[in-house]
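Asks: Once you've had a glance at the structure underneath, I'll fire off some questions.
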Amino acid sequence: IAAVLLLRPEPRKESNIDLTGAGLFTGSIFALMLGLSQMGNIQTNMSWAGVGLLLTLSTILMITFIRHEAKVKNPIIDPEILRHRPFAAANTYNFMLGACMFGISSLVPLYAVSVYHMSLLASGLIMTLKAIGMMLASTVTSVLLVRLGYRWPMLLGTTTIILSLVLLGVESPGVNVLGIALSSTALILGILALTGAGMGTTAPAANNACIELMPHRVATITGIRGMFRQTGGAISISVATLMLHNIGDMARGFQIVFFGLATIMLIIMPVIFFMPRSCQVLPPTIDEGE
């Protein structure tokens, strides 16, 4: 907020930034993540009381934020973009996609070190193949998006992500494929390449789905979508860290985290069908005369 005040150009009177809304939303997410992180350090009843206070504060701030956005003239998050079914589906999907994307990126190096006993250097290098797979898949999908539409890339990418999460959760010292022995390192490299391909396939479609319904608000839609993805990632990391800390057995903890994310992505797949099938402009369902 301080950076916005210092760096933004002088706004026009009719388009003031909703700093109150931004502060309420930021405070709610911060209190939530702080409360979740403190759960791992609970030792007394006072600690439980502190966590309960933080979670209650997060809830109050979020409710206040929602009510504020419904009344303010220039809300930071347009309630119409949250309520309308295709946008609600896209926001929900991006929230969970962010949970998987940032969760995997943040947790896999620790997983490689603690479960497969890789060096710190190797645990960082194995992420390179994921980045390459994501870059190649997103490039191809972006070029073909108009032809393929939104639905098929998201369905294919989500299925691939679910498969890769299940494979990550299955701890294996290696496999033998057609007489070729693959070490655990090679196996994780292949799984991460598959993960990157899945994310690269679904991300362009998830970024652009529903934009044609309100073309005059493209900047707002993409900003909100990115916010949901980042928020999902932040909360996912907090919850996963809490789980790993409390379970004690790192291998078992990672298995629960990866299988849990795969299950949630499987459950969330039906929301894809609430979004437009293709990139063609559909008959407007929202008033565009504003």
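Chain labels A, B, ... are given in the sequence in which chains occur in the structure tokens; within each chain residues are numbered consecutively from 1, and ligands are likewise numbered from 1 in the order shown.
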Quick one: residues within 9 Å of A:Ile256, only C-alpha atoms, excluding same-chain residues fewer than 5 positions away - as JSON, numbers by chain?
Replies: {"A": [169, 243, 251, 261]}
Asks: Hey, can you spit out that residue selection with all heavy atoms as an mmCIF file, in the first residue's frame?
Replies:
data_model
loop_
_atom_site.group_PDB
_atom_site.id
_atom_site.type_symbol
_atom_site.label_atom_id
_atom_site.label_comp_id
_atom_site.auth_asym_id
_atom_site.auth_seq_id
_atom_site.Cartn_x
_atom_site.Cartn_y
_atom_site.Cartn_z
ATOM 1 N N GLY A 169 3.536 -38.720 -4.955
ATOM 2 C CA GLY A 169 3.184 -39.255 -3.642
ATOM 3 C C GLY A 169 3.596 -40.697 -3.440
ATOM 4 O O GLY A 169 3.675 -41.168 -2.303
ATOM 5 N N MET A 243 1.139 -29.264 8.111
ATOM 6 C CA MET A 243 0.935 -30.706 8.112
ATOM 7 C C MET A 243 2.260 -31.453 8.257
ATOM 8 O O MET A 243 2.377 -32.410 9.036
ATOM 9 C CB MET A 243 0.227 -31.129 6.821
ATOM 10 C CG MET A 243 -0.178 -32.589 6.776
ATOM 11 S SD MET A 243 -1.247 -32.937 5.380
ATOM 12 C CE MET A 243 -2.676 -31.939 5.797
ATOM 13 N N ALA A 251 8.208 -38.408 4.916
ATOM 14 C CA ALA A 251 7.746 -39.170 3.756
ATOM 15 C C ALA A 251 6.222 -39.316 3.789
ATOM 16 O O ALA A 251 5.544 -39.111 2.776
ATOM 17 C CB ALA A 251 8.414 -40.542 3.727
ATOM 18 N N LEU A 261 -3.641 -32.804 -2.620
ATOM 19 C CA LEU A 261 -3.754 -31.868 -3.736
ATOM 20 C C LEU A 261 -4.352 -32.533 -4.966
ATOM 21 O O LEU A 261 -5.167 -31.932 -5.677
ATOM 22 C CB LEU A 261 -2.372 -31.289 -4.068
ATOM 23 C CG LEU A 261 -1.808 -30.257 -3.094
ATOM 24 C CD1 LEU A 261 -0.376 -29.900 -3.467
ATOM 25 C CD2 LEU A 261 -2.670 -29.003 -3.053
#
Asks: Give me the residues within 8 Å of A:Ala90 as a PyMOL selection string, counting only C-alpha atoms and dropping any in the same chain fewer than 6 places off.
Replies: chain A and resi 206+209-210+225+271-272+275
Asks: Restricted to all heavy atoms, what would the selected residues look like written as a PDB file, in the first residue's frame?
Replies:
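Output contents, as saved in part-v5.pdb:
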ATOM      1  N   ALA A 206      -6.645 -21.172 -18.472  1.00  0.00           N
ATOM      2  CA  ALA A 206      -7.162 -20.669 -17.199  1.00  0.00           C
ATOM      3  C   ALA A 206      -6.998 -19.160 -17.082  1.00  0.00           C
ATOM      4  O   ALA A 206      -7.832 -18.477 -16.483  1.00  0.00           O
ATOM      5  CB  ALA A 206      -6.449 -21.367 -16.040  1.00  0.00           C
ATOM      6  N   ALA A 209      -9.868 -17.712 -19.819  1.00  0.00           N
ATOM      7  CA  ALA A 209     -11.261 -18.151 -19.823  1.00  0.00           C
ATOM      8  C   ALA A 209     -12.184 -17.040 -19.327  1.00  0.00           C
ATOM      9  O   ALA A 209     -11.899 -16.380 -18.333  1.00  0.00           O
ATOM     10  CB  ALA A 209     -11.415 -19.395 -18.954  1.00  0.00           C
ATOM     11  N   CYS A 210     -13.277 -16.829 -20.025  1.00  0.00           N
ATOM     12  CA  CYS A 210     -14.353 -15.888 -19.678  1.00  0.00           C
ATOM     13  C   CYS A 210     -14.037 -14.433 -20.016  1.00  0.00           C
ATOM     14  O   CYS A 210     -14.905 -13.572 -19.855  1.00  0.00           O
ATOM     15  CB  CYS A 210     -14.724 -15.959 -18.189  1.00  0.00           C
ATOM     16  SG  CYS A 210     -15.067 -17.609 -17.566  1.00  0.00           S
ATOM     17  N   ARG A 225      -7.742 -12.749 -11.314  1.00  0.00           N
ATOM     18  CA  ARG A 225      -7.354 -14.152 -11.534  1.00  0.00           C
ATOM     19  C   ARG A 225      -5.966 -14.429 -10.972  1.00  0.00           C
ATOM     20  O   ARG A 225      -5.735 -15.450 -10.331  1.00  0.00           O
ATOM     21  CB  ARG A 225      -7.399 -14.443 -13.040  1.00  0.00           C
ATOM     22  CG  ARG A 225      -7.516 -15.905 -13.361  1.00  0.00           C
ATOM     23  CD  ARG A 225      -8.249 -16.100 -14.659  1.00  0.00           C
ATOM     24  NE  ARG A 225      -9.628 -15.664 -14.569  1.00  0.00           N
ATOM     25  CZ  ARG A 225     -10.460 -15.606 -15.599  1.00  0.00           C
ATOM     26  NH1 ARG A 225     -10.036 -15.919 -16.801  1.00  0.00           N
ATOM     27  NH2 ARG A 225     -11.705 -15.224 -15.438  1.00  0.00           N
ATOM     28  N   VAL A 271     -15.829 -27.722 -12.297  1.00  0.00           N
ATOM     29  CA  VAL A 271     -16.049 -26.286 -12.483  1.00  0.00           C
ATOM     30  C   VAL A 271     -15.592 -25.832 -13.867  1.00  0.00           C
ATOM     31  O   VAL A 271     -16.030 -24.776 -14.349  1.00  0.00           O
ATOM     32  CB  VAL A 271     -15.337 -25.438 -11.400  1.00  0.00           C
ATOM     33  CG1 VAL A 271     -15.733 -25.889 -10.011  1.00  0.00           C
ATOM     34  CG2 VAL A 271     -13.828 -25.473 -11.565  1.00  0.00           C
ATOM     35  N   ILE A 272     -14.744 -26.622 -14.518  1.00  0.00           N
ATOM     36  CA  ILE A 272     -14.296 -26.286 -15.874  1.00  0.00           C
ATOM     37  C   ILE A 272     -15.486 -26.197 -16.826  1.00  0.00           C
ATOM     38  O   ILE A 272     -15.505 -25.372 -17.745  1.00  0.00           O
ATOM     39  CB  ILE A 272     -13.275 -27.317 -16.376  1.00  0.00           C
ATOM     40  CG1 ILE A 272     -12.005 -27.266 -15.519  1.00  0.00           C
ATOM     41  CG2 ILE A 272     -12.930 -27.105 -17.841  1.00  0.00           C
ATOM     42  CD1 ILE A 272     -11.002 -28.364 -15.829  1.00  0.00           C
ATOM     43  N   MET A 275     -17.368 -22.827 -17.299  1.00  0.00           N
ATOM     44  CA  MET A 275     -16.724 -21.772 -18.074  1.00  0.00           C
ATOM     45  C   MET A 275     -17.037 -21.963 -19.552  1.00  0.00           C
ATOM     46  O   MET A 275     -17.402 -23.065 -19.977  1.00  0.00           O
ATOM     47  CB  MET A 275     -15.211 -21.807 -17.837  1.00  0.00           C
ATOM     48  CG  MET A 275     -14.790 -21.458 -16.425  1.00  0.00           C
ATOM     49  SD  MET A 275     -12.996 -21.551 -16.224  1.00  0.00           S
ATOM     50  CE  MET A 275     -12.837 -22.999 -15.181  1.00  0.00           C
TER      51      MET A 275
END
Asks: Counting only C-alpha atoms, which of A:Gly248, A:Gly103, A:Gly196, A:Pro86 gets nearest to A:Asn208?
Replies: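 Using only C-alpha atoms, the shortest distance to A:Asn208 belongs to A:Pro86.
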Asks: In Å to one decimal, how far is atom CA of A:Ile162 from atom CA of A:Leu129?
Replies: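 Computed distance, atom CA of A:Leu129 to atom CA of A:Ile162, equals 17.9 Å.
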Asks: Hey, can you check how far atom CA of A:Met62 sits from atom CA of A:Arg85?
Replies: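 Separation between atom CA of A:Met62 and atom CA of A:Arg85: 20.6 Å.
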Asks: Give me, as CSV, the closest atom pair and its distance (Å, one decimal) for every residue of stretch 167-252 of chain A within a cut-off of 9 Å of stretch 134-142 of chain A, counting only C-alpha atoms, rows sorted by chain and rising number.
Replies:
residue,atom,partner,partner_atom,distance
A:Ala193,CA,A:Met134,CA,7.7
A:Leu194,CA,A:Met134,CA,8.7
A:Thr195,CA,A:Met134,CA,7.8
A:Gly196,CA,A:Met134,CA,4.0
A:Ala197,CA,A:Met134,CA,4.8
A:Gly198,CA,A:Met134,CA,7.2
A:Met199,CA,A:Met134,CA,6.0
A:Gly200,CA,A:Ser138,CA,4.1
A:Thr201,CA,A:Ala137,CA,5.3
A:Thr202,CA,A:Ser138,CA,7.8
A:Ala203,CA,A:Ser138,CA,7.1
A:Pro204,CA,A:Ser142,CA,6.0
A:Ala205,CA,A:Ser142,CA,7.9
Asks: Would you save the residues of that selection, restricted to N, CA and C atoms, as a PDB file, in the first residue's frame?
Replies:
ATOM      1  N   ALA A 193       8.845 -33.106 -15.219  1.00  0.00           N
ATOM      2  CA  ALA A 193       8.619 -32.693 -16.609  1.00  0.00           C
ATOM      3  C   ALA A 193       7.148 -32.844 -16.965  1.00  0.00           C
ATOM      4  N   LEU A 194       6.535 -33.939 -16.500  1.00  0.00           N
ATOM      5  CA  LEU A 194       5.100 -34.156 -16.716  1.00  0.00           C
ATOM      6  C   LEU A 194       4.277 -33.093 -16.009  1.00  0.00           C
ATOM      7  N   THR A 195       4.681 -32.744 -14.790  1.00  0.00           N
ATOM      8  CA  THR A 195       3.991 -31.688 -14.038  1.00  0.00           C
ATOM      9  C   THR A 195       4.048 -30.356 -14.778  1.00  0.00           C
ATOM     10  N   GLY A 196       5.245 -30.004 -15.262  1.00  0.00           N
ATOM     11  CA  GLY A 196       5.397 -28.755 -16.002  1.00  0.00           C
ATOM     12  C   GLY A 196       4.557 -28.729 -17.258  1.00  0.00           C
ATOM     13  N   ALA A 197       4.489 -29.883 -17.955  1.00  0.00           N
ATOM     14  CA  ALA A 197       3.668 -29.959 -19.167  1.00  0.00           C
ATOM     15  C   ALA A 197       2.194 -29.749 -18.836  1.00  0.00           C
ATOM     16  N   GLY A 198       1.744 -30.335 -17.738  1.00  0.00           N
ATOM     17  CA  GLY A 198       0.343 -30.161 -17.340  1.00  0.00           C
ATOM     18  C   GLY A 198       0.021 -28.727 -16.983  1.00  0.00           C
ATOM     19  N   MET A 199       0.907 -28.101 -16.215  1.00  0.00           N
ATOM     20  CA  MET A 199       0.686 -26.706 -15.835  1.00  0.00           C
ATOM     21  C   MET A 199       0.760 -25.780 -17.039  1.00  0.00           C
ATOM     22  N   GLY A 200       1.712 -26.038 -17.930  1.00  0.00           N
ATOM     23  CA  GLY A 200       1.831 -25.218 -19.130  1.00  0.00           C
ATOM     24  C   GLY A 200       0.656 -25.368 -20.068  1.00  0.00           C
ATOM     25  N   THR A 201       0.005 -26.521 -20.036  1.00  0.00           N
ATOM     26  CA  THR A 201      -1.160 -26.747 -20.892  1.00  0.00           C
ATOM     27  C   THR A 201      -2.392 -26.037 -20.364  1.00  0.00           C
ATOM     28  N   THR A 202      -2.579 -26.079 -19.061  1.00  0.00           N
ATOM     29  CA  THR A 202      -3.811 -25.506 -18.504  1.00  0.00           C
ATOM     30  C   THR A 202      -3.718 -24.016 -18.208  1.00  0.00           C
ATOM     31  N   ALA A 203      -2.511 -23.507 -17.931  1.00  0.00           N
ATOM     32  CA  ALA A 203      -2.386 -22.107 -17.489  1.00  0.00           C
ATOM     33  C   ALA A 203      -2.875 -21.088 -18.516  1.00  0.00           C
ATOM     34  N   PRO A 204      -2.506 -21.183 -19.815  1.00  0.00           N
ATOM     35  CA  PRO A 204      -3.001 -20.173 -20.763  1.00  0.00           C
ATOM     36  C   PRO A 204      -4.524 -20.139 -20.857  1.00  0.00           C
ATOM     37  N   ALA A 205      -5.145 -21.324 -20.839  1.00  0.00           N
ATOM     38  CA  ALA A 205      -6.607 -21.374 -20.905  1.00  0.00           C
ATOM     39  C   ALA A 205      -7.222 -20.816 -19.627  1.00  0.00           C
TER      40      ALA A 205
END
Asks: Neighbours of A:Gly149 within 10 Å (only C-alpha atoms; same-chain residues fewer than 3 positions away dropped), as an MDAnalysis selection string?
Replies: chainID A and resid 141 144:146 152:154 205 209 276:280
Asks: What does the distance between atom CA of A:Ile126 and atom CA of A:Val257 come to in Å, to one decimal place?
Replies: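 Between atom CA of A:Ile126 and atom CA of A:Val257 the gap is 19.5 Å.
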Asks: Determine, counting only C-alpha atoms, which protein, DNA and RNA residues have an atom within 9 Å of an atom of A:Arg229; residues of the same chain fewer than 2 positions away are not included. Present the result as a PDB file with all heavy atoms, in the first residue's frame.
Replies:
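Ended up saving to around.pdb:
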ATOM      1  N   ASN A  91     -12.311 -18.321 -11.072  1.00  0.00           N
ATOM      2  CA  ASN A  91     -11.563 -17.904  -9.890  1.00  0.00           C
ATOM      3  C   ASN A  91     -11.287 -19.086  -8.969  1.00  0.00           C
ATOM      4  O   ASN A  91     -10.186 -19.215  -8.417  1.00  0.00           O
ATOM      5  CB  ASN A  91     -12.329 -16.822  -9.136  1.00  0.00           C
ATOM      6  CG  ASN A  91     -12.428 -15.525  -9.917  1.00  0.00           C
ATOM      7  OD1 ASN A  91     -11.596 -15.228 -10.765  1.00  0.00           O
ATOM      8  ND2 ASN A  91     -13.475 -14.758  -9.667  1.00  0.00           N
ATOM      9  N   THR A  92     -12.285 -19.944  -8.794  1.00  0.00           N
ATOM     10  CA  THR A  92     -12.100 -21.133  -7.959  1.00  0.00           C
ATOM     11  C   THR A  92     -11.035 -22.049  -8.539  1.00  0.00           C
ATOM     12  O   THR A  92     -10.165 -22.559  -7.830  1.00  0.00           O
ATOM     13  CB  THR A  92     -13.429 -21.904  -7.829  1.00  0.00           C
ATOM     14  OG1 THR A  92     -14.430 -21.045  -7.272  1.00  0.00           O
ATOM     15  CG2 THR A  92     -13.275 -23.123  -6.945  1.00  0.00           C
ATOM     16  N   TYR A  93     -11.112 -22.255  -9.855  1.00  0.00           N
ATOM     17  CA  TYR A  93     -10.129 -23.120 -10.506  1.00  0.00           C
ATOM     18  C   TYR A  93      -8.722 -22.544 -10.374  1.00  0.00           C
ATOM     19  O   TYR A  93      -7.763 -23.270 -10.074  1.00  0.00           O
ATOM     20  CB  TYR A  93     -10.493 -23.292 -11.980  1.00  0.00           C
ATOM     21  CG  TYR A  93      -9.526 -24.180 -12.729  1.00  0.00           C
ATOM     22  CD1 TYR A  93      -9.656 -25.557 -12.679  1.00  0.00           C
ATOM     23  CD2 TYR A  93      -8.486 -23.635 -13.463  1.00  0.00           C
ATOM     24  CE1 TYR A  93      -8.771 -26.377 -13.356  1.00  0.00           C
ATOM     25  CE2 TYR A  93      -7.589 -24.440 -14.139  1.00  0.00           C
ATOM     26  CZ  TYR A  93      -7.737 -25.813 -14.089  1.00  0.00           C
ATOM     27  OH  TYR A  93      -6.840 -26.616 -14.740  1.00  0.00           O
ATOM     28  N   ASN A  94      -8.572 -21.239 -10.589  1.00  0.00           N
ATOM     29  CA  ASN A  94      -7.253 -20.620 -10.500  1.00  0.00           C
ATOM     30  C   ASN A  94      -6.714 -20.632  -9.072  1.00  0.00           C
ATOM     31  O   ASN A  94      -5.492 -20.726  -8.873  1.00  0.00           O
ATOM     32  CB  ASN A  94      -7.306 -19.194 -11.039  1.00  0.00           C
ATOM     33  CG  ASN A  94      -7.130 -19.145 -12.542  1.00  0.00           C
ATOM     34  OD1 ASN A  94      -6.020 -19.167 -13.061  1.00  0.00           O
ATOM     35  ND2 ASN A  94      -8.249 -19.096 -13.258  1.00  0.00           N
ATOM     36  N   PHE A  95      -7.592 -20.547  -8.093  1.00  0.00           N
ATOM     37  CA  PHE A  95      -7.164 -20.649  -6.706  1.00  0.00           C
ATOM     38  C   PHE A  95      -6.505 -21.998  -6.448  1.00  0.00           C
ATOM     39  O   PHE A  95      -5.408 -22.082  -5.875  1.00  0.00           O
ATOM     40  CB  PHE A  95      -8.367 -20.454  -5.778  1.00  0.00           C
ATOM     41  CG  PHE A  95      -8.053 -20.544  -4.316  1.00  0.00           C
ATOM     42  CD1 PHE A  95      -7.673 -19.412  -3.613  1.00  0.00           C
ATOM     43  CD2 PHE A  95      -8.148 -21.744  -3.638  1.00  0.00           C
ATOM     44  CE1 PHE A  95      -7.369 -19.484  -2.254  1.00  0.00           C
ATOM     45  CE2 PHE A  95      -7.851 -21.832  -2.289  1.00  0.00           C
ATOM     46  CZ  PHE A  95      -7.465 -20.702  -1.594  1.00  0.00           C
ATOM     47  N   MET A  96      -7.155 -23.071  -6.900  1.00  0.00           N
ATOM     48  CA  MET A  96      -6.605 -24.411  -6.681  1.00  0.00           C
ATOM     49  C   MET A  96      -5.405 -24.672  -7.577  1.00  0.00           C
ATOM     50  O   MET A  96      -4.459 -25.365  -7.180  1.00  0.00           O
ATOM     51  CB  MET A  96      -7.686 -25.466  -6.920  1.00  0.00           C
ATOM     52  CG  MET A  96      -8.776 -25.491  -5.870  1.00  0.00           C
ATOM     53  SD  MET A  96      -8.151 -25.431  -4.170  1.00  0.00           S
ATOM     54  CE  MET A  96      -6.967 -26.772  -4.167  1.00  0.00           C
ATOM     55  N   LEU A  97      -5.415 -24.125  -8.790  1.00  0.00           N
ATOM     56  CA  LEU A  97      -4.254 -24.274  -9.656  1.00  0.00           C
ATOM     57  C   LEU A  97      -3.036 -23.611  -9.021  1.00  0.00           C
ATOM     58  O   LEU A  97      -1.923 -24.154  -9.045  1.00  0.00           O
ATOM     59  CB  LEU A  97      -4.538 -23.668 -11.026  1.00  0.00           C
ATOM     60  CG  LEU A  97      -3.407 -23.766 -12.060  1.00  0.00           C
ATOM     61  CD1 LEU A  97      -3.093 -25.227 -12.367  1.00  0.00           C
ATOM     62  CD2 LEU A  97      -3.794 -23.027 -13.343  1.00  0.00           C
ATOM     63  N   GLY A  98      -3.230 -22.442  -8.433  1.00  0.00           N
ATOM     64  CA  GLY A  98      -2.143 -21.769  -7.731  1.00  0.00           C
ATOM     65  C   GLY A  98      -1.653 -22.580  -6.548  1.00  0.00           C
ATOM     66  O   GLY A  98      -0.446 -22.637  -6.278  1.00  0.00           O
ATOM     67  N   ALA A  99      -2.585 -23.237  -5.832  1.00  0.00           N
ATOM     68  CA  ALA A  99      -2.194 -24.076  -4.700  1.00  0.00           C
ATOM     69  C   ALA A  99      -1.269 -25.197  -5.155  1.00  0.00           C
ATOM     70  O   ALA A  99      -0.277 -25.512  -4.486  1.00  0.00           O
ATOM     71  CB  ALA A  99      -3.442 -24.653  -4.029  1.00  0.00           C
ATOM     72  N   MET A 101       0.511 -25.288  -8.178  1.00  0.00           N
ATOM     73  CA  MET A 101       1.712 -24.767  -8.831  1.00  0.00           C
ATOM     74  C   MET A 101       2.750 -24.307  -7.816  1.00  0.00           C
ATOM     75  O   MET A 101       3.913 -24.724  -7.854  1.00  0.00           O
ATOM     76  CB  MET A 101       1.338 -23.622  -9.770  1.00  0.00           C
ATOM     77  CG  MET A 101       0.572 -24.044 -11.005  1.00  0.00           C
ATOM     78  SD  MET A 101       0.086 -22.649 -12.047  1.00  0.00           S
ATOM     79  CE  MET A 101       1.688 -22.028 -12.577  1.00  0.00           C
ATOM     80  N   PHE A 102       2.329 -23.453  -6.889  1.00  0.00           N
ATOM     81  CA  PHE A 102       3.279 -22.916  -5.918  1.00  0.00           C
ATOM     82  C   PHE A 102       3.629 -23.946  -4.860  1.00  0.00           C
ATOM     83  O   PHE A 102       4.755 -23.959  -4.343  1.00  0.00           O
ATOM     84  CB  PHE A 102       2.718 -21.645  -5.284  1.00  0.00           C
ATOM     85  CG  PHE A 102       2.590 -20.515  -6.255  1.00  0.00           C
ATOM     86  CD1 PHE A 102       1.353 -20.130  -6.740  1.00  0.00           C
ATOM     87  CD2 PHE A 102       3.713 -19.851  -6.705  1.00  0.00           C
ATOM     88  CE1 PHE A 102       1.227 -19.086  -7.650  1.00  0.00           C
ATOM     89  CE2 PHE A 102       3.600 -18.805  -7.617  1.00  0.00           C
ATOM     90  CZ  PHE A 102       2.365 -18.426  -8.095  1.00  0.00           C
ATOM     91  N   ILE A 224      -7.590 -10.007 -10.980  1.00  0.00           N
ATOM     92  CA  ILE A 224      -8.268 -10.816  -9.969  1.00  0.00           C
ATOM     93  C   ILE A 224      -7.869 -12.274 -10.086  1.00  0.00           C
ATOM     94  O   ILE A 224      -7.641 -12.964  -9.088  1.00  0.00           O
ATOM     95  CB  ILE A 224      -9.794 -10.648 -10.100  1.00  0.00           C
ATOM     96  CG1 ILE A 224     -10.199  -9.235  -9.687  1.00  0.00           C
ATOM     97  CG2 ILE A 224     -10.532 -11.687  -9.268  1.00  0.00           C
ATOM     98  CD1 ILE A 224     -11.656  -8.927  -9.905  1.00  0.00           C
ATOM     99  N   ARG A 225      -7.742 -12.749 -11.314  1.00  0.00           N
ATOM    100  CA  ARG A 225      -7.354 -14.152 -11.534  1.00  0.00           C
ATOM    101  C   ARG A 225      -5.966 -14.429 -10.972  1.00  0.00           C
ATOM    102  O   ARG A 225      -5.735 -15.450 -10.331  1.00  0.00           O
ATOM    103  CB  ARG A 225      -7.399 -14.443 -13.040  1.00  0.00           C
ATOM    104  CG  ARG A 225      -7.516 -15.905 -13.361  1.00  0.00           C
ATOM    105  CD  ARG A 225      -8.249 -16.100 -14.659  1.00  0.00           C
ATOM    106  NE  ARG A 225      -9.628 -15.664 -14.569  1.00  0.00           N
ATOM    107  CZ  ARG A 225     -10.460 -15.606 -15.599  1.00  0.00           C
ATOM    108  NH1 ARG A 225     -10.036 -15.919 -16.801  1.00  0.00           N
ATOM    109  NH2 ARG A 225     -11.705 -15.224 -15.438  1.00  0.00           N
ATOM    110  N   GLY A 226      -5.044 -13.497 -11.217  1.00  0.00           N
ATOM    111  CA  GLY A 226      -3.709 -13.659 -10.659  1.00  0.00           C
ATOM    112  C   GLY A 226      -3.716 -13.603  -9.143  1.00  0.00           C
ATOM    113  O   GLY A 226      -2.971 -14.338  -8.477  1.00  0.00           O
ATOM    114  N   MET A 227      -4.569 -12.758  -8.587  1.00  0.00           N
ATOM    115  CA  MET A 227      -4.667 -12.649  -7.137  1.00  0.00           C
ATOM    116  C   MET A 227      -5.143 -13.959  -6.525  1.00  0.00           C
ATOM    117  O   MET A 227      -4.601 -14.426  -5.512  1.00  0.00           O
ATOM    118  CB  MET A 227      -5.628 -11.524  -6.765  1.00  0.00           C
ATOM    119  CG  MET A 227      -5.782 -11.294  -5.281  1.00  0.00           C
ATOM    120  SD  MET A 227      -7.314 -10.440  -4.858  1.00  0.00           S
ATOM    121  CE  MET A 227      -8.539 -11.680  -5.267  1.00  0.00           C
ATOM    122  N   THR A 231      -2.973 -16.206  -3.991  1.00  0.00           N
ATOM    123  CA  THR A 231      -3.531 -16.487  -2.669  1.00  0.00           C
ATOM    124  C   THR A 231      -3.631 -17.981  -2.422  1.00  0.00           C
ATOM    125  O   THR A 231      -3.307 -18.470  -1.331  1.00  0.00           O
ATOM    126  CB  THR A 231      -4.921 -15.840  -2.527  1.00  0.00           C
ATOM    127  OG1 THR A 231      -4.828 -14.434  -2.775  1.00  0.00           O
ATOM    128  CG2 THR A 231      -5.496 -16.067  -1.143  1.00  0.00           C
ATOM    129  N   GLY A 232      -4.069 -18.726  -3.429  1.00  0.00           N
ATOM    130  CA  GLY A 232      -4.131 -20.182  -3.309  1.00  0.00           C
ATOM    131  C   GLY A 232      -2.772 -20.776  -3.020  1.00  0.00           C
ATOM    132  O   GLY A 232      -2.632 -21.680  -2.183  1.00  0.00           O
ATOM    133  N   GLY A 233      -1.747 -20.274  -3.699  1.00  0.00           N
ATOM    134  CA  GLY A 233      -0.403 -20.768  -3.462  1.00  0.00           C
ATOM    135  C   GLY A 233       0.079 -20.477  -2.054  1.00  0.00           C
ATOM    136  O   GLY A 233       0.671 -21.334  -1.396  1.00  0.00           O
ATOM    137  N   ALA A 234      -0.175 -19.261  -1.578  1.00  0.00           N
ATOM    138  CA  ALA A 234       0.281 -18.878  -0.238  1.00  0.00           C
ATOM    139  C   ALA A 234      -0.387 -19.728   0.841  1.00  0.00           C
ATOM    140  O   ALA A 234       0.273 -20.221   1.767  1.00  0.00           O
ATOM    141  CB  ALA A 234      -0.004 -17.399   0.002  1.00  0.00           C
TER     142      ALA A 234
END
Asks: Within 10 Å of A:Thr20, counting only C-alpha atoms, which residues show up once you throw out same-chain ones fewer than 5 positions away? Write them as a ChimeraX atom specification, please.
Replies: /A:1,25-26,65,68-69,72,75-76
Asks: Mind checking which residues fall within 7 Å of A:Gly35, counting only C-alpha atoms, ignoring those fewer than 5 positions away in the same chain, and posting them as a ChimeraX atom specification?
Replies: /A:51,54-55
Asks: Next, write the just-selected residues to a file, as a tab-separated table (two decimals), in the first residue's frame, keeping all heavy atoms as the atom set.
Replies:
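Contents of out15.tsv, as written:
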chain	number	residue	atom	x	y	z
A	51	VAL	N	-4.17	-18.46	18.19
A	51	VAL	CA	-4.53	-18.94	16.86
A	51	VAL	C	-6.00	-18.66	16.57
A	51	VAL	O	-6.37	-18.20	15.48
A	51	VAL	CB	-4.23	-20.44	16.74
A	51	VAL	CG1	-4.83	-21.01	15.45
A	51	VAL	CG2	-2.73	-20.68	16.76
A	54	LEU	N	-6.50	-15.02	15.73
A	54	LEU	CA	-6.04	-14.68	14.38
A	54	LEU	C	-7.04	-15.16	13.33
A	54	LEU	O	-7.34	-14.43	12.37
A	54	LEU	CB	-4.67	-15.29	14.12
A	54	LEU	CG	-3.49	-14.62	14.83
A	54	LEU	CD1	-2.24	-15.47	14.70
A	54	LEU	CD2	-3.25	-13.23	14.26
A	55	LEU	N	-7.55	-16.38	13.48
A	55	LEU	CA	-8.51	-16.91	12.51
A	55	LEU	C	-9.83	-16.13	12.57
A	55	LEU	O	-10.46	-15.90	11.53
A	55	LEU	CB	-8.74	-18.40	12.76
A	55	LEU	CG	-7.51	-19.30	12.58
A	55	LEU	CD1	-7.88	-20.76	12.84
A	55	LEU	CD2	-6.93	-19.15	11.17
Asks: May I have all residues of stretch 74-286 of chain A that DSSP, computed from the backbone, assigns to strand (DSSP E), given as a PyMOL selection string?
Replies: chain A and resi 174-177+180-183
Asks: Write out, as a short mmCIF file (atom, residue, chain, number, x, y, z; two decimals), in the first residue's frame, the residues just selected, with N, CA and C atoms.
Replies:
data_model
loop_
_atom_site.label_atom_id
_atom_site.label_comp_id
_atom_site.auth_asym_id
_atom_site.auth_seq_id
_atom_site.Cartn_x
_atom_site.Cartn_y
_atom_site.Cartn_z
N GLY A 174 13.07 -46.35 -7.54
CA GLY A 174 13.37 -46.46 -8.96
C GLY A 174 12.47 -47.48 -9.62
N VAL A 175 12.47 -47.51 -10.92
CA VAL A 175 11.65 -48.46 -11.67
C VAL A 175 12.46 -49.04 -12.81
N ASN A 176 11.93 -50.12 -13.36
CA ASN A 176 12.55 -50.76 -14.51
C ASN A 176 11.58 -50.70 -15.67
N VAL A 177 11.94 -49.97 -16.72
CA VAL A 177 11.08 -49.79 -17.89
C VAL A 177 11.73 -50.41 -19.10
N ILE A 180 15.27 -51.11 -18.80
CA ILE A 180 16.12 -49.97 -18.47
C ILE A 180 15.83 -49.54 -17.04
N ALA A 181 16.83 -49.58 -16.21
CA ALA A 181 16.66 -49.20 -14.80
C ALA A 181 16.71 -47.68 -14.66
N LEU A 182 15.67 -47.12 -14.06
CA LEU A 182 15.61 -45.68 -13.82
C LEU A 182 15.76 -45.42 -12.33
N SER A 183 16.72 -44.60 -11.97
CA SER A 183 16.94 -44.27 -10.57
C SER A 183 15.83 -43.36 -10.06
#
